[in-house]
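What follows is one structure encoded as structure tokens, with my remarks underneath.
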Amino acid sequence: MGFYGFPGMFYRMDPTYSLVVIGAVICMIASANVNRSFSKYSRYGCKRGTTGAQAAEKILHDAGIYDVQIRHISGDLTDNYNPGNKTLNLSDSVYGSSSIAAVGVAAHECGHAIQHNVGYIPIKIRSAIVPVVNLGSKLSWPIIILGVILGSFNMLNIGILLFAMTLVFQIVTLPVEFNASSRALKILDKSGMLYKDEVRGARKVLTAAAMTYITATVSTLLQLLRLILLFGRRDDD
């Protein structure tokens with residue numbers, strides 16, 4: 001259990017800390033699940049022998065996208081699409097691999113590039129709020145801690161509001177991720193890049209990955225709820 005209090009107040013056990021523990025546990029379970037799914041389907045090569053990089057190039061070109069550069073980056077599951085410099089970055093376990101998991105992940109990142117290309121509204125909203133969210137995430141906890149030290153509930157409420165921006169960002173991210181996976185699976189199925197049974201494997205990998213975004217959102221929601229329960233219901237005298 002955590003402890004909380006204000007200057008001049010008795011510090012006591014904090015039962016709301018269990019919310020943080022619950023959030024951490026579900027995030028760890030989701031992370032373990034995606035690692036397990038990716039590892040499993042990384043052992044199955046797709047019958048056509050297409051690598052992640054090759055799949056990405058074909059999907060982008062079929063969508064009429066030629067100005068996105070496909071790059072090889074280090075790490076595992078570090079794959080991402082950067083709309084700022086229009087790069088699709090594929091990790092060690094995806095770029096040169098011809099596994100079902102690699103092709104599925106590469107297709108998912110292409111889904112983001114296609115979203116950006118067609119002007120998908122949620123990804124536009126997410127990109128627009130990134131600067132505000134980044135600022136809020138940096139300032140929220142220092143302001144909350146300062147509010148505790150000074151015993152200022154107004155400062156605490158400001159800190160909580162800034163922290164809530166992270167939750168808003170994660171909520172906006174959910175449809176972006178789900179839509180990218182949906183686009184990826186439809187493309188893989190219709191293009192024949194993967195056979196039906198292979199698409200099912202790719203779907204399991206992407207579904208497991210989607211769960212990490214859901215659990216991260218739930219975890220942040222629980223942390224926000226804890227902050228509100230502790231500090232958000234009072235005002236300065």
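Identifiers for the structure tokens are assigned positionally: chains receive A, B, ... in sequence, residues are indexed from 1 per chain, and ligands are indexed from 1 in the order shown.
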
Determine, for each residue of segment 38-104 of chain A having at least one atom at most 12 Å from an atom of segment 168-183 of chain A, the closest pair of atoms and their separation in Å to one decimal, counting only C-alpha atoms; order by chain and ascending number, as CSV.
```
residue,atom,partner,partner_atom,distance
A:Ile59,CA,A:Arg183,CA,10.6
A:Ala63,CA,A:Arg183,CA,11.3
A:Asn80,CA,A:Glu177,CA,11.4
A:Tyr81,CA,A:Ala180,CA,11.0
A:Val103,CA,A:Ser181,CA,12.0
A:Gly104,CA,A:Ser181,CA,8.6
```

Name the residues of segment 83-237 of chain A that fall into strand (DSSP E) according to DSSP on the backbone, using the chain letters and numbers of this document, as an mmCIF file with N, CA and C atoms, in the first residue's frame.
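And here's states.cif as it stands now:
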```cif
data_model
loop_
_atom_site.group_PDB
_atom_site.id
_atom_site.type_symbol
_atom_site.label_atom_id
_atom_site.label_comp_id
_atom_site.auth_asym_id
_atom_site.auth_seq_id
_atom_site.Cartn_x
_atom_site.Cartn_y
_atom_site.Cartn_z
ATOM 1 N N THR A 87 8.378 7.808 -42.908
ATOM 2 C CA THR A 87 9.181 6.596 -42.885
ATOM 3 C C THR A 87 8.402 5.484 -42.201
ATOM 4 N N LEU A 88 8.508 4.302 -42.764
ATOM 5 C CA LEU A 88 7.914 3.118 -42.166
ATOM 6 C C LEU A 88 9.074 2.290 -41.627
ATOM 7 N N ASN A 89 9.181 2.221 -40.316
ATOM 8 C CA ASN A 89 10.344 1.632 -39.662
ATOM 9 C C ASN A 89 10.040 0.222 -39.164
ATOM 10 N N LEU A 90 10.769 -0.743 -39.692
ATOM 11 C CA LEU A 90 10.541 -2.145 -39.349
ATOM 12 C C LEU A 90 11.725 -2.687 -38.561
#
```

Which residues of segment 34-131 of chain A have any atom within 12 Å of an atom in segment 145-166 of chain A when counting only C-alpha atoms, and what is the closest pair of atoms for each, with the distance in Å to one decimal? Order the rows by chain and rising number and write it as CSV.
```
residue,atom,partner,partner_atom,distance
A:Arg126,CA,A:Thr166,CA,11.2
A:Ile129,CA,A:Met165,CA,8.9
A:Val130,CA,A:Thr166,CA,9.5
A:Pro131,CA,A:Met165,CA,10.8
```

Let's have the selection written as a compact mmCIF listing (two decimals), in the first residue's frame, with N, CA, C and O atoms.
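Result file again_35.txt:
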```txt
# COMPACT_ATOMS: atom_id res chain seq x y z
N ARG A 126 -5.09 12.66 -33.47
CA ARG A 126 -3.98 12.21 -32.63
C ARG A 126 -2.72 13.02 -32.89
O ARG A 126 -2.03 13.44 -31.96
N ILE A 129 -2.92 16.59 -31.34
CA ILE A 129 -2.85 16.77 -29.88
C ILE A 129 -1.54 16.29 -29.27
O ILE A 129 -1.32 16.47 -28.08
N VAL A 130 -0.66 15.71 -30.09
CA VAL A 130 0.61 15.20 -29.57
C VAL A 130 1.41 16.26 -28.81
O VAL A 130 1.89 15.99 -27.69
N PRO A 131 1.61 17.48 -29.35
CA PRO A 131 2.40 18.48 -28.61
C PRO A 131 1.80 18.81 -27.24
O PRO A 131 2.53 18.95 -26.26
```

### Task
For Tyr195 of chain A, work out the shell of residues within 12 Å, counting only C-alpha atoms and skipping chain neighbours fewer than 2 positions away, then give it as a VMD selection string.
chain A and resid 45 to 50 100 103 185 to 193 197 to 202

### Message
Report as JSON, numbers by chain all protein, DNA and RNA residues lying within 12 Å of Gln69 of chain A, evaluated on only C-alpha atoms, omitting residues in the same chain fewer than 4 positions from it.
### Response
{"A": [53, 56, 57, 60, 61, 65, 81, 82, 83, 84, 85, 86, 87, 88, 89, 90, 110, 113]}

Now that the selection is made, can you save its residues with N, CA, C and O atoms as a short mmCIF file (atom, residue, chain, number, x, y, z; two decimals), in the first residue's frame?
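Written output follows (again.cif):
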```cif
data_model
loop_
_atom_site.label_atom_id
_atom_site.label_comp_id
_atom_site.auth_asym_id
_atom_site.auth_seq_id
_atom_site.Cartn_x
_atom_site.Cartn_y
_atom_site.Cartn_z
N ALA A 53 9.60 -6.42 -45.17
CA ALA A 53 9.93 -5.27 -46.00
C ALA A 53 9.28 -5.38 -47.38
O ALA A 53 8.75 -4.39 -47.92
N ALA A 56 5.56 -4.74 -47.05
CA ALA A 56 5.30 -3.31 -46.87
C ALA A 56 5.39 -2.56 -48.19
O ALA A 56 4.54 -1.72 -48.50
N GLU A 57 6.42 -2.86 -48.96
CA GLU A 57 6.59 -2.17 -50.25
C GLU A 57 5.41 -2.44 -51.18
O GLU A 57 4.89 -1.52 -51.82
N LEU A 60 2.16 -0.63 -49.87
CA LEU A 60 2.22 0.82 -50.10
C LEU A 60 2.05 1.16 -51.57
O LEU A 60 1.29 2.07 -51.92
N HIS A 61 2.74 0.43 -52.43
CA HIS A 61 2.65 0.72 -53.86
C HIS A 61 1.25 0.41 -54.40
O HIS A 61 0.74 1.14 -55.26
N ILE A 65 1.05 4.70 -52.80
CA ILE A 65 1.95 5.47 -51.93
C ILE A 65 3.40 5.15 -52.29
O ILE A 65 3.86 4.02 -52.11
N TYR A 81 5.24 3.75 -37.81
CA TYR A 81 5.16 4.64 -38.96
C TYR A 81 5.28 6.06 -38.46
O TYR A 81 4.57 6.48 -37.55
N ASN A 82 6.21 6.81 -39.04
CA ASN A 82 6.43 8.20 -38.65
C ASN A 82 5.90 9.12 -39.75
O ASN A 82 6.51 9.26 -40.81
N PRO A 83 4.73 9.75 -39.50
CA PRO A 83 4.15 10.62 -40.53
C PRO A 83 4.94 11.90 -40.73
O PRO A 83 4.82 12.55 -41.77
N GLY A 84 5.77 12.26 -39.73
CA GLY A 84 6.55 13.49 -39.83
C GLY A 84 7.55 13.46 -40.97
O GLY A 84 7.66 14.41 -41.75
N ASN A 85 8.28 12.35 -41.08
CA ASN A 85 9.26 12.22 -42.17
C ASN A 85 8.89 11.13 -43.15
O ASN A 85 9.70 10.74 -43.99
N LYS A 86 7.68 10.63 -43.03
CA LYS A 86 7.14 9.60 -43.92
C LYS A 86 8.09 8.40 -44.04
O LYS A 86 8.54 8.05 -45.13
N THR A 87 8.38 7.81 -42.91
CA THR A 87 9.18 6.60 -42.89
C THR A 87 8.40 5.48 -42.20
O THR A 87 7.72 5.72 -41.19
N LEU A 88 8.51 4.30 -42.76
CA LEU A 88 7.91 3.12 -42.17
C LEU A 88 9.07 2.29 -41.63
O LEU A 88 9.89 1.78 -42.40
N ASN A 89 9.18 2.22 -40.32
CA ASN A 89 10.34 1.63 -39.66
C ASN A 89 10.04 0.22 -39.16
O ASN A 89 9.16 0.04 -38.32
N LEU A 90 10.77 -0.74 -39.69
CA LEU A 90 10.54 -2.14 -39.35
C LEU A 90 11.73 -2.69 -38.56
O LEU A 90 12.88 -2.48 -38.92
N CYS A 110 1.75 -0.37 -42.36
CA CYS A 110 1.29 0.19 -43.64
C CYS A 110 -0.11 0.75 -43.50
O CYS A 110 -0.47 1.74 -44.16
N ALA A 113 0.22 4.23 -42.55
CA ALA A 113 0.63 5.07 -43.69
C ALA A 113 -0.56 5.35 -44.60
O ALA A 113 -0.71 6.47 -45.12
#
```

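Pairwise distance (atom CA of Thr217 of chain A, atom CA of Arg203 of chain A) equals 21.2 Å.
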
### Query
When you draw a straight line from atom CA of Ala55 of chain A to atom CA of Met211 of chain A, how long is it in Å?
24.0 Å

### Query
Near Gly52 of chain A, within 6 Å and counting only C-alpha atoms, which residues show up once chain neighbours fewer than 3 positions away are dropped, as an MDAnalysis selection string?
chainID A and resid 55 94:95 97 102:103 106

### Query
If you run DSSP on this backbone, which residues of segment 53-157 of chain A come out as alpha helix (DSSP H), and could you give them as number ranges by chain?
A: 53-62, 92-95, 100-118, 121-150, 153-157

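For the residues A:Leu222, A:Val205, A:Ile121, A:Ala128, ranking by smallest atom-to-atom distance to Asn33 of chain A using only C-alpha atoms places A:Val205 first.
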
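Taking atom CA of Tyr120 of chain A and atom CA of Gly64 of chain A as endpoints, the distance between them is 15.9 Å.
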